[in-house]
Amino acid sequence: RLGMPEVFGTRIVAPLLVDLLQSHPDLSVEMMLLPRFANLANREADLGVMLDPPDTGRYTVARLANFRYYLYGAPEYLARHPPIREKADLAQHDFVDYVQDRLLSRDLNYLDELGFKPRRRLCSTGMLAQCEAAALGLGLVMAPPYAVPNDGRLVTVLQDSFYAARTMWLVAPTDLFRLQRVRVVWDLLREFVEQRPWLFEHIKEPNKPASRGKT
């Protein structure tokens with residue numbers, strides 16, 4: 001049983017598990033895409049992906065990825081609102097964000113780094129809903145690259161000058177980490193993420209042209 005954030009589980013892990021399960025017919029997986037991180041102390045999951053690793057208890061912890069939340073906007077939204085040339089210009093814009101008293105982690109307070117109180121037009125506990133609302137032109141949204149559909153409906157804003165750097169951790173109770181079924185999934189996730197850094201930061205993907213979506 002895997003506990004992880006909604007978008008990471010949907011965009012990254014679910015497709016990744018298809019080949020794994022086909023090659024391991026005796027393995028079955030339950031994905032828990034919760035509006036919070038799985039409680040490993042209560043054995044709610046065998047393996048967790050989280051922003052805040054436990055600092056007490058017997059756990060095996062590994063850094064899964066350093067990643068960045070970037071600012072995105074729909075081309076249609078950006079065309080009908082004041083231009084954004086520097087961070088101060090963002091005070092004139094609308095935002096889509098998390099519900100502030102339902103945050104999975106204190107690390108999701110990234111809009112507080114703007115230096116002013118953002119005008120939140122829509123808040124959701126799920127990032128998929130946030131990205132969809134932003135893609136329809138409601139406002140700007142912050143998200144990691146893997147969360148943003150590669151269909152041109154969202155483009156980066158101030159990519160090189162405003163972003164929030166965070167770390168994603170892989171955690172398992174130490175006794176469960178010894179189990180082969182847990183190690184198989186653990187190793188798969190680490191190998192996949194290590195080989196695809198462009199899903200977590202805006203760097204050029206090998207054999208692909210550089211993105212033209214920067215504002």
# chains A, B, ... in the order shown; residues from 1 in each chain; ligands from 1
$ select_by_dssp --residues "range 42-136 of chain A" --states "strand (DSSP E)" --output "JSON, numbers by chain"
{"A": [47, 48, 49, 50, 59, 60, 61, 62, 63, 64, 65, 66, 67, 68, 69, 70, 71, 72, 73, 94, 95, 96, 97, 98, 119, 120, 121, 122, 123, 124]}
$ write_last_selection --atoms "N, CA, C and O atoms" --output "short mmCIF file (atom, residue, chain, number, x, y, z; two decimals), in the first residue's frame"
data_model
loop_
_atom_site.label_atom_id
_atom_site.label_comp_id
_atom_site.auth_asym_id
_atom_site.auth_seq_id
_atom_site.Cartn_x
_atom_site.Cartn_y
_atom_site.Cartn_z
N LEU A 47 4.48 2.25 2.52
CA LEU A 47 5.48 3.14 1.92
C LEU A 47 4.83 4.48 1.67
O LEU A 47 3.69 4.55 1.19
N GLY A 48 5.52 5.57 2.00
CA GLY A 48 4.95 6.89 1.84
C GLY A 48 5.87 7.83 1.08
O GLY A 48 7.10 7.77 1.23
N VAL A 49 5.27 8.69 0.26
CA VAL A 49 5.98 9.79 -0.39
C VAL A 49 5.48 11.06 0.27
O VAL A 49 4.27 11.32 0.28
N MET A 50 6.39 11.86 0.82
CA MET A 50 5.95 13.00 1.61
C MET A 50 6.97 14.14 1.58
O MET A 50 8.12 13.95 1.15
N TYR A 59 12.19 4.41 11.05
CA TYR A 59 11.85 4.52 9.64
C TYR A 59 13.12 4.50 8.78
O TYR A 59 14.18 4.96 9.22
N THR A 60 12.98 3.98 7.59
CA THR A 60 14.00 4.14 6.57
C THR A 60 13.57 5.30 5.69
O THR A 60 12.44 5.30 5.17
N VAL A 61 14.44 6.29 5.53
CA VAL A 61 14.10 7.52 4.82
C VAL A 61 15.15 7.78 3.75
O VAL A 61 16.35 7.66 4.00
N ALA A 62 14.69 8.14 2.54
CA ALA A 62 15.61 8.49 1.46
C ALA A 62 15.07 9.68 0.70
O ALA A 62 13.85 9.83 0.52
N ARG A 63 15.96 10.55 0.26
CA ARG A 63 15.56 11.67 -0.58
C ARG A 63 15.12 11.11 -1.93
O ARG A 63 15.89 10.41 -2.61
N LEU A 64 13.90 11.40 -2.33
CA LEU A 64 13.40 10.92 -3.61
C LEU A 64 13.69 11.92 -4.72
O LEU A 64 14.15 11.55 -5.80
N ALA A 65 13.44 13.22 -4.44
CA ALA A 65 13.69 14.23 -5.47
C ALA A 65 13.75 15.61 -4.86
O ALA A 65 12.99 15.94 -3.95
N ASN A 66 14.67 16.43 -5.35
CA ASN A 66 14.59 17.87 -5.17
C ASN A 66 13.76 18.40 -6.33
O ASN A 66 14.01 18.04 -7.48
N PHE A 67 12.78 19.21 -6.02
CA PHE A 67 11.91 19.69 -7.10
C PHE A 67 11.51 21.13 -6.83
O PHE A 67 11.77 21.67 -5.76
N ARG A 68 10.89 21.71 -7.84
CA ARG A 68 10.50 23.12 -7.74
C ARG A 68 9.04 23.32 -8.14
O ARG A 68 8.55 22.69 -9.08
N TYR A 69 8.37 24.18 -7.38
CA TYR A 69 7.06 24.69 -7.78
C TYR A 69 7.30 25.96 -8.59
O TYR A 69 7.92 26.91 -8.09
N TYR A 70 6.82 25.97 -9.81
CA TYR A 70 6.93 27.15 -10.67
C TYR A 70 5.54 27.79 -10.82
O TYR A 70 4.51 27.15 -10.58
N LEU A 71 5.56 29.03 -11.25
CA LEU A 71 4.32 29.76 -11.49
C LEU A 71 3.88 29.55 -12.93
O LEU A 71 4.69 29.67 -13.86
N TYR A 72 2.61 29.22 -13.12
CA TYR A 72 2.05 28.98 -14.45
C TYR A 72 0.78 29.81 -14.66
O TYR A 72 0.05 30.12 -13.70
N GLY A 73 0.54 30.15 -15.91
CA GLY A 73 -0.70 30.83 -16.28
C GLY A 73 -1.14 30.39 -17.66
O GLY A 73 -0.33 29.96 -18.49
N ASP A 94 -4.60 37.37 -10.09
CA ASP A 94 -5.39 36.40 -9.33
C ASP A 94 -4.62 35.08 -9.24
O ASP A 94 -3.81 34.74 -10.12
N PHE A 95 -4.93 34.31 -8.19
CA PHE A 95 -4.24 33.05 -7.95
C PHE A 95 -5.22 31.92 -7.67
O PHE A 95 -6.31 32.14 -7.14
N VAL A 96 -4.77 30.73 -8.01
CA VAL A 96 -5.44 29.49 -7.61
C VAL A 96 -4.46 28.78 -6.67
O VAL A 96 -3.27 28.68 -6.96
N ASP A 97 -4.96 28.27 -5.54
CA ASP A 97 -4.04 27.77 -4.52
C ASP A 97 -4.70 26.66 -3.70
O ASP A 97 -5.86 26.30 -3.93
N TYR A 98 -3.95 26.17 -2.72
CA TYR A 98 -4.49 25.20 -1.77
C TYR A 98 -5.41 25.89 -0.76
O TYR A 98 -5.24 27.07 -0.46
N ARG A 119 -4.20 37.37 -4.03
CA ARG A 119 -5.65 37.39 -4.23
C ARG A 119 -6.07 36.01 -4.72
O ARG A 119 -6.03 35.70 -5.91
N ARG A 120 -6.45 35.15 -3.79
CA ARG A 120 -6.83 33.78 -4.12
C ARG A 120 -8.28 33.74 -4.59
O ARG A 120 -9.19 33.99 -3.82
N ARG A 121 -8.48 33.38 -5.85
CA ARG A 121 -9.85 33.32 -6.40
C ARG A 121 -10.48 31.96 -6.19
O ARG A 121 -11.70 31.85 -6.04
N LEU A 122 -9.68 30.92 -6.20
CA LEU A 122 -10.18 29.56 -5.99
C LEU A 122 -9.12 28.78 -5.23
O LEU A 122 -7.94 28.83 -5.57
N CYS A 123 -9.55 28.06 -4.21
CA CYS A 123 -8.65 27.19 -3.46
C CYS A 123 -9.21 25.77 -3.47
O CYS A 123 -10.43 25.58 -3.39
N SER A 124 -8.33 24.80 -3.57
CA SER A 124 -8.73 23.40 -3.60
C SER A 124 -7.71 22.58 -2.82
O SER A 124 -6.52 22.91 -2.79
#
$ closest_atom_pairs --of "range 14-93 of chain A" --to "range 172-192 of chain A" --cutoff "12 Å" --atoms "only C-alpha atoms" --output "tab-separated table"
residue	atom	partner	partner_atom	distance
A:Ala14	CA	A:Leu189	CA	11.1
A:Pro15	CA	A:Phe192	CA	11.5
A:Leu16	CA	A:Leu189	CA	8.4
A:Leu17	CA	A:Val185	CA	8.5
A:Val18	CA	A:Val185	CA	11.9
A:Asp19	CA	A:Leu188	CA	10.7
A:Leu20	CA	A:Val185	CA	8.3
A:Leu21	CA	A:Val185	CA	10.1
A:Ser23	CA	A:Val184	CA	11.4
A:His24	CA	A:Arg181	CA	9.7
A:Pro25	CA	A:Arg181	CA	11.7
A:Asp26	CA	A:Arg181	CA	9.6
A:Leu27	CA	A:Arg181	CA	7.1
A:Ser28	CA	A:Arg181	CA	9.1
A:Val29	CA	A:Val185	CA	9.3
A:Glu30	CA	A:Val185	CA	11.8
A:Met31	CA	A:Val185	CA	11.9
A:Ala38	CA	A:Ala172	CA	10.8
A:Asn39	CA	A:Ala172	CA	10.7
A:Leu40	CA	A:Pro173	CA	7.0
A:Ala41	CA	A:Pro173	CA	7.9
A:Asn42	CA	A:Pro173	CA	10.3
A:Arg43	CA	A:Pro173	CA	8.4
A:Glu44	CA	A:Pro173	CA	10.9
A:Ala45	CA	A:Ala172	CA	8.4
A:Asp46	CA	A:Ala172	CA	6.1
A:Leu47	CA	A:Ala172	CA	4.7
A:Gly48	CA	A:Ala172	CA	6.3
A:Val49	CA	A:Ala172	CA	9.1
A:Met50	CA	A:Ala172	CA	10.8
A:Pro53	CA	A:Ala172	CA	9.9
A:Pro54	CA	A:Ala172	CA	10.0
A:Thr56	CA	A:Pro173	CA	11.1
A:Gly57	CA	A:Pro173	CA	8.3
A:Arg58	CA	A:Thr174	CA	5.7
A:Tyr59	CA	A:Pro173	CA	4.3
A:Thr60	CA	A:Thr174	CA	5.2
A:Val61	CA	A:Ala172	CA	6.7
A:Ala62	CA	A:Arg190	CA	8.9
A:Arg63	CA	A:Arg190	CA	8.7
A:Leu64	CA	A:Arg190	CA	6.0
A:Ala65	CA	A:Arg190	CA	8.4
$ residues_around --residues "range 145-149 of chain A" --least-positions-apart "5" --cutoff "7 Å" --atoms "only C-alpha atoms" --output "list in words"
Val7, Arg11, Cys131, Leu199, Phe200, Glu201 and His202 of chain A
$ atom_distance --atom1 "CA of Gly152 in chain A" --atom2 "CA of Arg166 in chain A"
24.8 Å
$ atom_distance --atom1 "CA of Leu111 in chain A" --atom2 "CA of Glu205 in chain A"
27.4 Å
$ select_by_dssp --residues "range 9-210 of chain A" --states "helix (DSSP H, G or I)" --output "number ranges by chain"
A: 9-23, 75-79, 87-92, 100-102, 106-108, 110-114, 127-135, 145-147, 174-177, 180-195, 197-199
$ closest_residue --among "A:Leu78, A:Asn109, A:Met168, A:Asp89" --to "Phe8 in chain A" --atoms "only C-alpha atoms"
A:Met168
$ atom_distance --atom1 "CA of Glu76 in chain A" --atom2 "CA of Val155 in chain A"
10.4 Å
$ closest_residue --among "A:Leu140, A:Ile203, A:Met127, A:Leu114" --to "Ala164 in chain A" --atoms "only C-alpha atoms"
A:Leu114
$ closest_residue --among "A:Leu108, A:Tyr77, A:Thr10, A:Pro5" --to "His93 in chain A" --atoms "only C-alpha atoms"
A:Tyr77
$ closest_residue --among "A:Thr167, A:Pro144, A:Leu136, A:Gln159" --to "Trp198 in chain A" --atoms "only C-alpha atoms"
A:Pro144
$ closest_residue --among "A:Arg80, A:Arg1, A:Arg36, A:Lys87" --to "Ser161 in chain A" --atoms "only C-alpha atoms"
A:Lys87
$ closest_residue --among "A:Arg196, A:Arg85, A:Lys204, A:Arg102" --to "Leu158 in chain A" --atoms "only C-alpha atoms"
A:Arg85
